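First the structure, in the form of structure tokens, and then the observations on it.
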Amino acid sequence: GVRQAQWLTKTKLVEGLPPAVLSIVDDPAHQLEDHEERVKHAVSHARLWDTTEVAPRREHYCPVLFEDLIHLCRLMSMKYPALTKRMLARNYKISATWERESILLQVRGLNGMLMNSVAPIPPVASKEEILATEEHVLETFYPISPTIDLQEVHVYKELNDTGFRDGYPYSHPHTLFFLESANIRPNRFRPEQLRAKMLMFAFGNALAKAKVLYGNDPKVLEQPIVVQSVGTDGQLFQFMVFQLNTTDLVSSDGVKNLVWIDSDQNLYEKAQCIPEVKKRVVTKPAGIYGFQPDTFKKFLALYLHGTV
Amino acid sequence: EVAAGAAPYLDMRELRSIACDALLQESFYQHKKRPFLYRDQDHTPGPFLTQLVSTLAAFLCGRNPLLAASSLDLKPEVNYYWHHGEEVVAHGHRKGRVDPVRFQIDDNPHLQIRVPKQLPQIVPLESDLGDVPVIDHKPSKLPLFKKQYENKVFIGSKVADPCCYGHTQFHLIPDKLKRERFLRANLEDQIEVLYRANGIASLFAWTAAQAMYQGFWSEADVTHPFVSQAVVTDGKYFAFFCYQLNTLALTAETIKNNPRKNICWGTDSKPLYDVVEDGSVKGFNDEVLLQLVRFLLNRPKEL
């Protein structure tokens, strides 16, 4: 899970979201009018209303919910015109390779959606915090090898590719979105594995960008690169902010990278498609129960981060 | 052709850059594998249209409060079922009896914007702008009505949704009906027919389904016209359509004394750009973009 991903990417974990993002969450100026109503409508639309059948399947409602939430976030560009400088790329391909204590690792392939922006996100941790990570010791799980459960492949070309050509105006990866939308439970990632996947791909994107900007030599970065990621299965949300401080990944000492994770945020408890009837009396009418507006506020804060 | 929603000042440079960026990303900058066989539309024009519409809608929602309250659907389903005309049953135990002819449209627009308020009417309800051609043969001879499975009426979401009126639909022409195929078969005049047929059929189904959601049907005809817009495109050529539904009474009994007609206005297809080469778009046509923006800015007079 996440601990293995931390060792592989030389990262220190901090629980909860960074203070920069939390300040956007708490600021009431960064919200749409009657946004609770709008988000409830978005959830109802995705879970209840979008199909001619009685209840939509997860493969259908997970992407629809995501599209509706992103549409609501995009409408914020009324207040902040700089938000139009963002481009969503579906089916993008990333490749990044790095060495970690004489084991060559790589991250590749189609995995989710990436939102790019023209301007990079400013670093979230201060210089002191970055230097403080030098003392942090990475957790090892002796005798289990850190590369357990990773697919072993023959690598002929060590590729580092951001997925876009040079000269692309929206060149900074901003946020990655992962939708676990398989219908059957075993085909979906568990929350712990989803968080690990988010961490690996955020790291891969940041590393590919760092190699493009600063070259292939391993070094500590002057301007750390920040990539965010959001993972969901249609109901539970995982938020993550990753900061790449160093590309020197061969040894386990020195400055480490940082990640802030806010896990298992429920947007709503239950979506009742047909009313529950016990002994000919409607006990639970159809609708959304246990709605939590804070989860959407965090989603919006991650979207606005870097522009406000 | 109708242009609605005059704006005080439109930043053409900004709009042009949004459109060009979306186009360049999908066709040039993003690394993509080769398109699958006969799936060219999913490879570049589909994602380009989605990007363009979502970014333009977000950019213009400050101008148009209706867009700020809108709901965007990707690949929704639109269905409508109605009766029109009569036929005599040919075979079976009901032979010789008179039956209404049943029509069903099942449509899948690429993108759809639904809003909580109705668009304003373009011409008054009772206006008559021409005659409707009469066709005698059965609907199952036309490819649109060959297969009828379930009789459904659906606008894109169920009745409980507050965004129950339609604003604009975006249709993508499938690969089988590409321009090149028509040109190769020497059927250039049929290209426009394709766009028009798509516009009229999809918009009729959508507006009529919206009217049915509000409680009108062939016996209780609509009291105010239902207006929606559509853009039919193949990624490069755009055709714009605007439809006003004045009547739902199309069954054999109700059509006898019904003077009202439904009206559709449309343009021919025009290219948005000439070619994309080496990271720049050549021959960009501002007219087409302006028309698209005017469509998106359309709203009731009160707002």
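Chain labels A, B, ... are given in the sequence in which chains occur in the structure tokens; within each chain residues are numbered consecutively from 1, and ligands are likewise numbered from 1 in the order shown.
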Non-local contacts of Arg179 (chain B) (12 Å; only C-alpha atoms; under 5 positions in same chain excluded) as a ChimeraX atom specification: /B:173-174,184-195,233-237,269
Given a cut-off of 8 Å, which residues of chain B touch chain A, counting only C-alpha atoms, written out as a PyMOL selection string? chain B and resi 22+25+28-32+51+54-55+58-59+61-62+68+71-74+77+154+156-161
For Lys75 (chain B), list every protein, DNA or RNA residue within 7 Å, evaluated using only C-alpha atoms, and leave out those in the same chain fewer than 5 positions away; present the list as a PyMOL selection string. chain B and resi 108-111
Write out as a ChimeraX atom specification each polymer residue whose atoms come within 8 Å of Arg3 (chain A), counting only C-alpha atoms; drop sequence neighbours fewer than 3 positions from it. /A:6-7,139,196
Could you check how far CA of Val2 (chain A) sits from CA of Ile130 (chain A), in Å to one decimal?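 Distance between the two atoms: 20.4 Å.
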Which of region 240-301 of chain A counts as strand (DSSP E) under DSSP, as a VMD selection string please? chain A and resid 240 to 246 257 to 266 270 to 272 276 to 278 281 to 284 287 to 289
Closest of A:Lys40, A:His136, A:Lys209, A:His172 to Val118 (chain A) - atom-to-atom distances counting only C-alpha atoms: A:His172
Please report the interatomic distance between CA of Val98 (chain B) and CA of Asn258 (chain B) in Å with one decimal.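 Here the two named atoms are 21.3 Å from each other.
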Restricting the calculation to only C-alpha atoms: of B:Met12, B:Val53, B:Leu24, B:Val78, which residue gets closest to Ala209 (chain B)?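 Ranked by minimum distance to Ala209 (chain B), first place goes to B:Val78.
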Picked from region 5-38 of chain A by DSSP as alpha helix (DSSP H), as a VMD selection string: chain A and resid 5 to 9 19 to 26 35 to 38
Quick one: of A:Trp98, A:Glu36, A:Leu194, A:Val54, who's nearest to Leu69 (chain A), counting only C-alpha atoms? A:Glu36
Tell me which protein, DNA and RNA residues are within 8 Å of Pro100 (chain B), counting only C-alpha atoms, leaving out same-chain ones fewer than 5 positions away, and put them as a list of chain:residue names.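 Contacts, in chain order: B:His83, B:His84, B:Gly85, B:Glu86, B:Glu87, B:Thr251, B:Ala252.
The space separating CA of Cys242 (chain B) from CA of His167 (chain B) comes to 10.0 Å.
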